[in-house]
>>> print(open('run.txt').read())   # compact mmCIF, C-alpha atoms and all ligand atoms
# COMPACT_ATOMS: atom_id res chain seq x y z
CA MET A 133 0.00 0.00 0.00
CA LEU A 134 1.27 3.46 -0.88
CA HIS A 135 1.20 6.16 1.78
CA VAL A 136 0.72 9.44 -0.07
CA VAL A 137 0.71 12.32 2.42
CA PRO A 138 -2.82 13.44 3.33
CA ALA A 139 -2.21 16.98 2.06
CA PHE A 140 -2.50 15.66 -1.47
CA SER A 141 -6.21 15.07 -0.96
CA CYS A 142 -6.50 18.89 -0.83
CA ILE A 143 -5.14 19.39 -4.31
CA GLY A 144 -7.84 20.71 -6.60
CA GLU A 145 -7.61 21.74 -10.22
CA GLU A 146 -9.00 24.17 -12.69
CA ASN A 147 -12.34 22.85 -13.82
CA ALA A 148 -11.59 24.42 -17.19
CA PHE A 149 -9.36 21.41 -17.83
CA ALA A 150 -12.19 18.96 -17.02
CA VAL A 151 -14.59 20.91 -19.22
CA LEU A 152 -12.02 20.91 -22.01
CA ALA A 153 -11.61 17.14 -21.68
CA ARG A 154 -15.39 16.63 -21.82
CA ALA A 155 -15.70 19.02 -24.78
CA GLN A 156 -12.98 17.07 -26.58
CA ALA A 157 -14.69 13.76 -25.79
CA LEU A 158 -17.98 15.10 -27.21
CA ALA A 159 -16.15 16.41 -30.29
CA ALA A 160 -14.56 12.96 -30.75
CA GLN A 161 -18.13 11.56 -30.88
CA GLY A 162 -18.81 13.93 -33.76
CA ARG A 163 -20.55 16.66 -31.73
CA ASP A 164 -19.95 20.30 -32.69
CA VAL A 165 -18.83 21.90 -29.42
CA ILE A 166 -17.92 25.59 -29.09
CA ASN A 167 -15.41 26.03 -26.32
CA LEU A 168 -15.82 29.18 -24.26
CA GLY A 169 -14.35 27.40 -21.25
CA ILE A 170 -10.64 27.66 -21.72
CA GLY A 171 -8.53 30.53 -20.37
CA GLN A 172 -5.89 30.85 -23.03
CA PRO A 173 -5.57 33.21 -26.00
CA ASP A 174 -6.60 31.53 -29.25
CA MET A 175 -3.98 33.53 -31.18
CA PRO A 176 -0.57 32.04 -31.98
CA THR A 177 2.57 33.22 -30.21
CA PRO A 178 3.93 36.17 -32.26
CA ALA A 179 6.20 34.94 -35.06
CA HIS A 180 9.29 36.89 -33.94
CA VAL A 181 9.02 35.27 -30.51
CA VAL A 182 8.77 31.78 -32.02
CA GLU A 183 11.79 32.57 -34.21
CA ALA A 184 13.83 33.67 -31.20
CA GLY A 185 13.05 30.37 -29.44
CA ILE A 186 14.09 28.37 -32.51
CA LYS A 187 17.25 30.43 -32.93
CA ALA A 188 18.18 29.80 -29.29
CA LEU A 189 17.92 26.06 -29.87
CA ARG A 190 20.01 26.34 -33.04
CA ASP A 191 22.56 28.49 -31.20
CA GLY A 192 23.09 25.73 -28.68
CA HIS A 193 21.17 27.00 -25.63
CA HIS A 194 20.51 23.47 -24.42
CA GLY A 195 21.82 23.39 -20.88
CA TYR A 196 20.73 24.45 -17.41
CA THR A 197 20.57 28.17 -16.79
CA PRO A 198 20.80 29.90 -13.41
CA ALA A 199 17.77 28.84 -11.36
CA VAL A 200 16.58 32.45 -11.18
CA GLY A 201 16.78 32.86 -14.97
CA ILE A 202 19.31 34.22 -17.46
CA PRO A 203 20.50 37.77 -16.66
CA PRO A 204 19.35 39.33 -19.99
CA LEU A 205 15.79 38.11 -19.42
CA ARG A 206 15.76 39.37 -15.85
CA GLU A 207 16.96 42.73 -17.19
CA ALA A 208 14.25 42.66 -19.87
CA VAL A 209 11.62 42.04 -17.17
CA ALA A 210 12.93 45.02 -15.17
CA ARG A 211 12.69 47.18 -18.33
CA ASP A 212 9.14 45.91 -19.00
CA ILE A 213 8.11 46.83 -15.47
CA HIS A 214 9.62 50.27 -15.88
CA ARG A 215 7.91 50.81 -19.26
CA ARG A 216 4.49 49.63 -18.09
CA HIS A 217 4.36 50.70 -14.46
CA GLY A 218 6.99 53.45 -14.28
CA VAL A 219 8.68 51.61 -11.42
CA GLU A 220 12.37 50.76 -11.00
CA VAL A 221 13.07 47.21 -9.89
CA SER A 222 16.49 45.61 -9.72
CA PRO A 223 17.02 42.64 -12.05
CA ASP A 224 18.40 40.99 -8.91
CA SER A 225 14.90 40.92 -7.45
CA VAL A 226 13.43 39.31 -10.60
CA MET A 227 12.96 35.57 -10.82
CA ILE A 228 12.13 33.64 -13.99
CA VAL A 229 9.73 30.75 -13.35
CA PRO A 230 7.92 28.13 -15.42
CA GLY A 231 4.58 29.98 -15.51
CA GLY A 232 2.66 32.30 -13.23
CA LYS A 233 1.39 29.36 -11.19
CA VAL A 234 4.88 28.65 -9.91
CA THR A 235 5.19 32.10 -8.31
CA MET A 236 1.82 31.48 -6.67
CA PHE A 237 2.94 28.07 -5.47
CA MET A 238 6.17 29.44 -4.01
CA ALA A 239 4.55 32.37 -2.20
CA ILE A 240 1.76 30.26 -0.75
CA LEU A 241 4.24 27.58 0.37
CA MET A 242 6.32 30.25 2.10
CA PHE A 243 3.45 31.64 4.13
CA GLY A 244 0.92 28.81 4.51
CA ALA A 245 1.05 26.49 7.53
CA PRO A 246 -1.52 25.01 9.91
CA GLY A 247 -2.80 27.70 12.25
CA THR A 248 -2.29 30.51 9.75
CA GLU A 249 -4.75 32.20 7.42
CA ILE A 250 -4.40 33.30 3.82
CA LEU A 251 -6.88 35.69 2.17
CA TYR A 252 -7.76 35.07 -1.45
CA PRO A 253 -10.39 36.38 -3.90
CA ASP A 254 -13.67 34.46 -4.24
CA PRO A 255 -14.70 34.02 -7.01
CA GLY A 256 -11.08 33.69 -8.04
CA PHE A 257 -8.50 31.53 -9.76
CA PRO A 258 -9.20 28.08 -8.21
CA ILE A 259 -5.54 27.25 -7.65
CA TYR A 260 -5.24 29.85 -4.87
CA ARG A 261 -7.56 27.91 -2.59
CA SER A 262 -6.20 24.53 -3.63
CA MET A 263 -2.64 25.57 -2.80
CA ILE A 264 -3.61 27.21 0.48
CA GLU A 265 -5.38 24.03 1.59
CA PHE A 266 -2.38 21.97 0.55
CA THR A 267 -0.19 23.87 3.03
CA GLY A 268 -2.63 23.30 5.88
CA ALA A 269 -3.37 27.03 6.20
CA THR A 270 -6.97 28.19 6.48
CA PRO A 271 -8.24 29.74 3.24
CA VAL A 272 -10.22 32.91 3.96
CA PRO A 273 -12.27 34.02 0.95
CA VAL A 274 -12.48 37.73 0.17
CA PRO A 275 -15.88 38.15 -1.52
CA ILE A 276 -15.65 39.76 -4.94
CA ARG A 277 -18.99 41.36 -5.69
CA GLU A 278 -20.82 42.27 -8.86
CA GLU A 279 -22.12 45.47 -7.25
CA ASN A 280 -18.47 46.61 -6.93
CA GLY A 281 -17.86 45.88 -10.61
CA PHE A 282 -16.04 42.74 -9.43
CA ALA A 283 -13.29 44.89 -7.91
CA PHE A 284 -11.70 44.23 -4.53
CA SER A 285 -13.26 46.15 -1.69
CA ALA A 286 -10.44 47.51 0.45
CA ALA A 287 -12.69 47.82 3.51
CA GLU A 288 -14.05 44.31 3.22
CA THR A 289 -10.57 42.85 2.64
CA LEU A 290 -8.98 44.69 5.55
CA ALA A 291 -11.81 43.66 7.89
CA LEU A 292 -10.95 39.99 7.28
CA ILE A 293 -7.36 40.33 8.52
CA THR A 294 -6.72 38.66 11.87
CA PRO A 295 -3.53 38.07 13.90
CA LYS A 296 -3.25 34.75 12.03
CA THR A 297 -3.23 36.29 8.55
CA ARG A 298 0.09 35.79 6.78
CA LEU A 299 -0.66 36.51 3.12
CA LEU A 300 -3.23 38.42 1.08
CA ILE A 301 -3.68 37.43 -2.57
CA VAL A 302 -4.88 40.19 -4.89
CA ASN A 303 -5.74 39.67 -8.56
CA SER A 304 -6.53 42.53 -10.91
CA PRO A 305 -7.47 42.32 -13.77
CA ALA A 306 -9.21 39.23 -12.51
CA ASN A 307 -10.06 35.72 -13.50
CA PRO A 308 -12.94 34.70 -13.67
CA THR A 309 -14.80 38.03 -13.50
CA GLY A 310 -12.77 40.39 -15.70
CA GLY A 311 -12.95 42.86 -12.80
CA VAL A 312 -10.31 45.58 -12.51
CA THR A 313 -9.75 47.14 -9.10
CA PRO A 314 -9.58 50.92 -9.46
CA ARG A 315 -6.70 52.96 -8.19
CA ALA A 316 -8.62 54.54 -5.31
CA GLU A 317 -9.50 51.13 -3.91
CA ILE A 318 -5.88 49.94 -4.17
CA ASP A 319 -4.73 53.16 -2.49
CA ALA A 320 -7.15 52.43 0.36
CA LEU A 321 -6.01 48.83 0.61
CA VAL A 322 -2.33 49.77 0.81
CA LYS A 323 -3.11 52.51 3.35
CA GLY A 324 -4.97 50.01 5.52
CA LEU A 325 -2.15 47.47 5.23
CA ALA A 326 0.09 49.88 7.13
CA GLU A 327 -1.76 48.69 10.24
CA HIS A 328 -0.83 45.09 9.43
CA PRO A 329 2.91 45.07 8.78
CA ASP A 330 3.11 41.28 9.18
CA VAL A 331 0.83 40.56 6.24
CA ALA A 332 2.60 39.81 2.94
CA VAL A 333 0.86 40.49 -0.39
CA LEU A 334 0.87 38.42 -3.56
CA SER A 335 -0.28 40.55 -6.48
CA ASP A 336 -1.29 38.40 -9.44
CA GLU A 337 -1.04 40.75 -12.43
CA ILE A 338 -0.93 38.12 -15.17
CA TYR A 339 -3.70 39.97 -17.09
CA GLY A 340 -2.12 43.38 -16.52
CA THR A 341 -1.83 44.27 -20.21
CA MET A 342 -5.50 43.53 -20.87
CA THR A 343 -7.83 46.35 -19.88
CA TYR A 344 -10.66 48.08 -21.76
CA ASP A 345 -12.80 51.22 -21.76
CA GLY A 346 -9.76 53.32 -20.85
CA GLU A 347 -9.50 51.55 -17.50
CA ALA A 348 -5.86 51.63 -16.37
CA HIS A 349 -4.25 48.70 -14.68
CA HIS A 350 -2.68 49.94 -11.47
CA SER A 351 0.20 47.77 -10.30
CA LEU A 352 0.83 47.16 -6.61
CA LEU A 353 4.51 47.57 -7.44
CA LYS A 354 3.87 51.32 -7.42
CA TYR A 355 3.58 51.41 -3.65
CA ASP A 356 6.93 51.78 -1.88
CA GLU A 357 5.12 51.29 1.44
CA ILE A 358 4.59 47.57 0.77
CA ARG A 359 7.52 46.75 -1.52
CA ASP A 360 9.33 44.95 1.29
CA ARG A 361 6.46 42.44 1.54
CA LEU A 362 5.09 42.33 -1.98
CA VAL A 363 5.43 39.42 -4.38
CA TYR A 364 4.60 40.53 -7.93
CA LEU A 365 3.38 37.80 -10.31
CA ASP A 366 3.38 38.20 -14.09
CA GLY A 367 4.35 36.19 -17.14
CA ALA A 368 4.13 35.63 -20.85
CA SER A 369 1.22 33.16 -20.91
CA LYS A 370 -1.63 35.57 -21.57
CA THR A 371 0.10 38.73 -22.84
CA TYR A 372 2.10 36.97 -25.56
CA ALA A 373 -0.15 33.92 -26.08
CA MET A 374 2.53 31.62 -24.65
CA THR A 375 0.62 29.35 -22.24
CA GLY A 376 2.37 26.19 -23.40
CA TRP A 377 5.89 27.64 -23.30
CA ARG A 378 5.70 27.94 -19.51
CA LEU A 379 7.27 31.30 -18.86
CA GLY A 380 6.50 33.52 -15.91
CA TRP A 381 8.37 36.03 -13.80
CA SER A 382 8.12 37.50 -10.37
CA VAL A 383 9.63 40.26 -8.27
CA TRP A 384 10.46 39.37 -4.68
CA PRO A 385 11.43 41.42 -1.66
CA LYS A 386 15.01 40.72 -0.66
CA PRO A 387 14.33 38.47 2.37
CA LEU A 388 12.13 36.14 0.29
CA TYR A 389 14.24 36.01 -2.86
CA GLU A 390 16.77 33.52 -1.56
CA ALA A 391 14.00 31.20 -0.33
CA ALA A 392 12.32 31.38 -3.74
CA ARG A 393 15.64 30.64 -5.46
CA LYS A 394 16.12 27.55 -3.32
CA LEU A 395 12.60 26.37 -4.11
CA ALA A 396 13.42 26.77 -7.82
CA VAL A 397 16.66 24.78 -7.45
CA ASN A 398 14.79 22.04 -5.61
CA ALA A 399 11.78 21.91 -7.92
CA HIS A 400 12.54 22.69 -11.55
CA SER A 401 16.21 23.82 -11.77
CA CYS A 402 15.34 26.50 -14.34
CA VAL A 403 12.93 27.42 -17.13
CA ASN A 404 14.04 25.81 -20.37
CA ALA A 405 16.69 27.94 -21.98
CA SER A 406 15.14 28.49 -25.41
CA THR A 407 11.90 29.68 -23.81
CA GLN A 408 13.86 32.27 -21.85
CA TRP A 409 15.45 33.63 -25.04
CA ALA A 410 12.00 33.76 -26.64
CA GLY A 411 10.89 35.74 -23.58
CA ILE A 412 13.53 38.38 -24.25
CA ALA A 413 12.22 38.75 -27.82
CA ALA A 414 8.68 39.09 -26.44
CA LEU A 415 9.54 41.77 -23.90
CA ASP A 416 12.11 43.75 -25.89
CA GLY A 417 10.46 43.35 -29.30
CA PRO A 418 7.62 45.38 -30.84
CA GLN A 419 4.54 45.50 -28.64
CA ASP A 420 1.99 46.02 -31.41
CA CYS A 421 1.22 42.28 -31.27
CA VAL A 422 -0.07 42.85 -27.74
CA ALA A 423 -2.09 45.91 -28.74
CA GLU A 424 -3.64 43.99 -31.65
CA MET A 425 -4.59 41.07 -29.43
CA VAL A 426 -6.17 43.34 -26.84
CA ALA A 427 -8.08 45.22 -29.58
CA GLU A 428 -9.40 41.90 -30.90
CA PHE A 429 -10.48 40.83 -27.39
CA ASP A 430 -12.17 44.19 -27.00
CA ARG A 431 -14.22 43.64 -30.20
CA ARG A 432 -15.30 40.22 -28.97
CA ARG A 433 -16.05 41.59 -25.51
CA ALA A 434 -18.71 43.83 -27.04
CA ILE A 435 -20.29 40.88 -28.84
CA VAL A 436 -20.29 38.76 -25.68
CA VAL A 437 -21.70 41.46 -23.41
CA ASP A 438 -24.45 42.55 -25.84
CA GLY A 439 -25.30 38.95 -26.65
CA LEU A 440 -25.49 37.87 -23.01
CA ASN A 441 -27.66 40.83 -22.01
CA ALA A 442 -30.12 39.84 -24.74
CA LEU A 443 -30.57 36.33 -23.30
CA PRO A 444 -33.63 35.61 -21.14
CA GLY A 445 -32.82 35.95 -17.43
CA VAL A 446 -29.17 36.83 -18.01
CA SER A 447 -27.38 40.09 -17.22
CA CYS A 448 -23.72 40.88 -17.69
CA ILE A 449 -21.75 43.93 -16.64
CA ALA A 450 -19.00 44.85 -19.10
CA PRO A 451 -15.75 43.32 -17.86
CA LYS A 452 -12.95 45.89 -17.70
CA GLY A 453 -10.08 43.47 -18.10
CA ALA A 454 -8.74 39.98 -18.99
CA PHE A 455 -10.79 38.00 -21.53
CA TYR A 456 -13.66 36.68 -19.44
CA ALA A 457 -17.28 37.62 -18.96
CA PHE A 458 -19.05 36.60 -15.75
CA PRO A 459 -22.78 36.97 -16.38
CA ASN A 460 -25.37 36.75 -13.63
CA ILE A 461 -27.69 33.84 -14.47
CA SER A 462 -29.68 33.72 -11.22
CA ARG A 463 -32.89 34.96 -12.89
CA THR A 464 -32.86 32.02 -15.33
CA GLY A 465 -33.86 29.72 -12.46
CA TRP A 466 -30.81 27.53 -13.10
CA LYS A 467 -28.05 26.68 -10.64
CA ALA A 468 -24.79 27.70 -12.25
CA LYS A 469 -23.10 24.30 -12.47
CA ALA A 470 -26.25 22.57 -13.71
CA LEU A 471 -26.59 25.22 -16.39
CA ALA A 472 -22.93 24.88 -17.46
CA SER A 473 -23.28 21.11 -17.67
CA ALA A 474 -26.58 21.25 -19.61
CA LEU A 475 -25.17 23.85 -22.01
CA LEU A 476 -22.26 21.56 -22.79
CA GLU A 477 -24.22 18.32 -23.09
CA GLU A 478 -27.35 19.65 -24.77
CA ALA A 479 -26.34 22.85 -26.59
CA GLY A 480 -22.69 22.12 -27.37
CA VAL A 481 -21.37 25.23 -25.60
CA ALA A 482 -18.59 24.85 -23.02
CA VAL A 483 -18.62 27.40 -20.19
CA ILE A 484 -17.62 27.09 -16.51
CA GLY A 485 -20.03 27.26 -13.59
CA GLY A 486 -19.25 30.12 -11.18
CA PRO A 487 -18.99 27.85 -8.10
CA ASP A 488 -15.86 26.31 -9.64
CA PHE A 489 -14.25 29.64 -8.72
CA GLY A 490 -15.53 29.70 -5.14
CA VAL A 491 -18.71 29.82 -3.07
CA HIS A 492 -19.40 33.41 -4.09
CA GLY A 493 -19.54 32.29 -7.72
CA GLU A 494 -23.02 30.77 -7.41
CA GLY A 495 -25.46 32.54 -9.73
CA TYR A 496 -22.80 33.15 -12.39
CA ILE A 497 -21.06 31.36 -15.23
CA ARG A 498 -17.72 32.21 -16.83
CA LEU A 499 -17.33 32.61 -20.57
CA SER A 500 -13.89 33.07 -22.08
CA TYR A 501 -13.91 35.15 -25.23
CA ALA A 502 -10.67 33.61 -26.40
CA ASN A 503 -12.55 32.20 -29.37
CA SER A 504 -13.47 33.65 -32.77
CA ALA A 505 -16.20 36.27 -33.08
CA GLU A 506 -18.09 33.88 -35.30
CA ASN A 507 -17.97 31.07 -32.74
CA ILE A 508 -18.96 33.46 -29.98
CA ARG A 509 -22.02 34.53 -32.00
CA ARG A 510 -22.96 30.91 -32.69
CA ALA A 511 -22.54 30.02 -29.02
CA LEU A 512 -24.75 32.92 -27.91
CA GLU A 513 -27.40 31.86 -30.39
CA ARG A 514 -27.35 28.33 -29.04
CA MET A 515 -27.55 29.62 -25.47
CA GLY A 516 -30.54 31.78 -26.43
CA THR A 517 -32.40 28.84 -27.97
CA PHE A 518 -31.52 26.64 -25.01
CA LEU A 519 -32.70 29.13 -22.39
CA SER A 520 -35.96 29.83 -24.23
CA GLU A 521 -36.85 26.17 -24.75
CA ARG A 522 -35.41 24.26 -21.82
CA LYS A 523 -36.92 24.41 -18.33
CA PRO A 524 -34.36 24.76 -15.50
CA GLY A 525 -33.17 21.32 -14.41
N1 LIG N 1 -3.16 33.76 -12.45
C1 LIG N 1 -4.37 33.79 -12.98
C2 LIG N 1 -5.38 34.72 -12.40
C3 LIG N 1 -4.72 32.96 -14.06
O1 LIG N 1 -5.95 33.01 -14.59
C4 LIG N 1 -3.74 32.08 -14.56
C5 LIG N 1 -4.04 31.16 -15.68
O2 LIG N 1 -5.16 30.97 -16.09
C6 LIG N 1 -2.47 32.08 -13.96
C7 LIG N 1 -2.21 32.94 -12.92
C8 LIG N 1 -1.41 31.10 -14.37
O3 LIG N 1 -0.76 31.41 -15.50
P1 LIG N 1 0.38 30.46 -16.09
O4 LIG N 1 -0.23 29.70 -17.22
O5 LIG N 1 1.45 31.40 -16.52
O6 LIG N 1 0.85 29.53 -15.01
>>> encode(input="run.txt", output="structure tokens", more="lines below")
Ligand code: PLP
Amino acid sequence: MLHVVPAFSCIGEENAFAVLARAQALAAQGRDVINLGIGQPDMPTPAHVVEAGIKALRDGHHGYTPAVGIPPLREAVARDIHRRHGVEVSPDSVMIVPGGKVTMFMAILMFGAPGTEILYPDPGFPIYRSMIEFTGATPVPVPIREENGFAFSAAETLALITPKTRLLIVNSPANPTGGVTPRAEIDALVKGLAEHPDVAVLSDEIYGTMTYDGEAHHSLLKYDEIRDRLVYLDGASKTYAMTGWRLGWSVWPKPLYEAARKLAVNAHSCVNASTQWAGIAALDGPQDCVAEMVAEFDRRRAIVVDGLNALPGVSCIAPKGAFYAFPNISRTGWKAKALASALLEEAGVAVIGGPDFGVHGEGYIRLSYANSAENIRRALERMGTFLSERKPG
């Protein structure tokens, strides 16, 4: 008999992967399934980035690199942060990791232990809670509310801090809601955190380049007051359509950097070398590929929001960031997960039920608009027919 440690029973996963597997199984049976479940850009990685990765392989970059990443990429990340956020960070505080999730994993491992509490957004990226539970810490959900435009409420977040709180996870622009927390709210949050100097902050800014309607993304890196306890999470997955390359980066306060480096040495040694060279091309190369992608998402966003608001019993506020819509479906009479499952099985549309992102996700479903405008229109049409003809189950 094998004796796997009990903590492994806490490991959850993104239901998007299960929905994708089911959608693929249905497609293999000949069903026409439109996938609005998956959280990855449907565009290819920009050609000059692909070329840089190939060139690196041809140039012989086949070995281990420093665990924290190659110096020119860490410098490129520091330049990117300066260009986008106007903030100076030392390349020595930058760590290259195999995807944004790894920064999350490291930070949560550093602060989570039985008897401690970690605050995380709910609805939010499901891996936060899964990882917190894995460490034995108590996950404390911070409710993310539609009436706040799915932004963090500084007051509500601060009120949840107790002497046991070790880490606060913030995510803006957010998955699954598309919410962007406005500057005033972040100002208030940082001001309030002055009263809680023992609470570290993990700021997940993986969708930071994707905002709409003139809404500016406001990085937590801008606040000197919390820089000595802030872990900044970003990466290439969403911005440069590089989910499968596995390339992320983080900025760590000095006391945590060495611990993160050791975790990297123990876990993955380094990000594969050619991917790191491709990352330099992404960050230092022309950024119009990013602007074009965001403009395309913006066009689709309008189709999704208008289409959803025309469906019986559905209402959807316009998401200000990322590439997700999180419509309120409570007036349809359906429970969110039952609706998501029926839409997939009966209407051939893959979406994710809100409760897969936390208890506060009931009454909502998540649609990713990382699919063509044509497919989005077809999916909305199918949803409309389904909701008009099918009684809630
Ligand atoms: N953070 C959020 C909020 C996400 O939605 C995702 C991916 O969906 C990640 C982090 C992880 O990104 P990566 O693929 O770089 O690990």
>>> closest_residue(input="run.txt", among="A:Ala410, A:Met236, A:Ala150, A:Ile186", to="ligand LIG 1 (chain N)", atoms="all atoms listed in the file")
A:Met236
>>> residues_near_ligand(input="run.txt", ligand="ligand LIG 1 (chain N)", cutoff="6 Å", atoms="only C-alpha atoms and all ligand atoms", output="PDB file with C-alpha atoms, in the frame of the given file")
ATOM      1  CA  GLY A 171      -8.530  30.530 -20.370  1.00  0.00           C
ATOM      2  CA  GLY A 231       4.580  29.980 -15.510  1.00  0.00           C
ATOM      3  CA  GLY A 232       2.660  32.300 -13.230  1.00  0.00           C
ATOM      4  CA  LYS A 233       1.390  29.360 -11.190  1.00  0.00           C
ATOM      5  CA  PHE A 257      -8.500  31.530  -9.760  1.00  0.00           C
ATOM      6  CA  ALA A 306      -9.210  39.230 -12.510  1.00  0.00           C
ATOM      7  CA  ASN A 307     -10.060  35.720 -13.500  1.00  0.00           C
ATOM      8  CA  ASP A 336      -1.290  38.400  -9.440  1.00  0.00           C
ATOM      9  CA  ILE A 338      -0.930  38.120 -15.170  1.00  0.00           C
ATOM     10  CA  GLY A 367       4.350  36.190 -17.140  1.00  0.00           C
ATOM     11  CA  SER A 369       1.220  33.160 -20.910  1.00  0.00           C
ATOM     12  CA  THR A 375       0.620  29.350 -22.240  1.00  0.00           C
ATOM     13  CA  GLY A 380       6.500  33.520 -15.910  1.00  0.00           C
TER      14      GLY A 380
END
>>> atom_distance(input="run.txt", atom1="atom CA of A:Cys142", atom2="atom CA of A:Phe266")
5.3 Å
>>> closest_residue(input="run.txt", among="A:Glu477, A:Gly495, A:Pro271, A:Asn167", to="A:Arg463", atoms="all atoms listed in the file")
A:Gly495
>>> closest_atom_pairs(input="run.txt", of="stretch 300-401 of chain A", to="stretch 422-441 of chain A", cutoff="9 Å", atoms="only C-alpha atoms", output="Markdown table")
| residue | atom | partner | partner_atom | distance |
| --- | --- | --- | --- | --- |
| A:Thr341 | CA | A:Val422 | CA | 7.9 |
| A:Met342 | CA | A:Val426 | CA | 6.0 |
| A:Thr343 | CA | A:Val426 | CA | 7.8 |
| A:Tyr344 | CA | A:Asp430 | CA | 6.7 |
| A:Asp345 | CA | A:Asp430 | CA | 8.8 |
| A:Thr371 | CA | A:Val422 | CA | 6.4 |
| A:Tyr372 | CA | A:Val422 | CA | 6.6 |
>>> residues_around(input="run.txt", residues="A:His400", least_positions_apart="5", cutoff="10 Å", atoms="only C-alpha atoms", output="JSON, numbers by chain")
{"A": [199, 229, 230, 234, 395]}
>>> write_last_selection(input="run.txt", atoms="C-alpha atoms", output="PDB file, in the coordinates of the input")
ATOM      1  CA  ALA A 199      17.770  28.840 -11.360  1.00  0.00           C
ATOM      2  CA  VAL A 229       9.730  30.750 -13.350  1.00  0.00           C
ATOM      3  CA  PRO A 230       7.920  28.130 -15.420  1.00  0.00           C
ATOM      4  CA  VAL A 234       4.880  28.650  -9.910  1.00  0.00           C
ATOM      5  CA  LEU A 395      12.600  26.370  -4.110  1.00  0.00           C
TER       6      LEU A 395
END
>>> residues_near_point(input="run.txt", point="(-17.3, 36.6, -17.8)", cutoff="8 Å", atoms="only C-alpha atoms", output="PyMOL selection string")
chain A and resi 308-310+448+451+455-459+497-500
>>> write_last_selection(input="run.txt", atoms="C-alpha atoms", output="compact mmCIF listing (two decimals), in the frame of the given file")
# COMPACT_ATOMS: atom_id res chain seq x y z
CA PRO A 308 -12.94 34.70 -13.67
CA THR A 309 -14.80 38.03 -13.50
CA GLY A 310 -12.77 40.39 -15.70
CA CYS A 448 -23.72 40.88 -17.69
CA PRO A 451 -15.75 43.32 -17.86
CA PHE A 455 -10.79 38.00 -21.53
CA TYR A 456 -13.66 36.68 -19.44
CA ALA A 457 -17.28 37.62 -18.96
CA PHE A 458 -19.05 36.60 -15.75
CA PRO A 459 -22.78 36.97 -16.38
CA ILE A 497 -21.06 31.36 -15.23
CA ARG A 498 -17.72 32.21 -16.83
CA LEU A 499 -17.33 32.61 -20.57
CA SER A 500 -13.89 33.07 -22.08
>>> closest_residue(input="run.txt", among="A:Pro258, A:Pro253, A:Ser351, A:Leu475", to="A:Pro275", atoms="all atoms listed in the file")
A:Pro253
>>> atom_distance(input="run.txt", atom1="atom CA of A:Gly256", atom2="atom CA of A:Gly490")
6.6 Å
>>> closest_residue(input="run.txt", among="A:Ala502, A:Val200, A:Ala348, A:Ala373", to="A:Lys394", atoms="all atoms listed in the file")
A:Val200
>>> residues_around(input="run.txt", residues="A:Ala188", least_positions_apart="3", cutoff="12 Å", atoms="all atoms listed in the file", output="PyMOL selection string")
chain A and resi 181-185+191-195+404-413
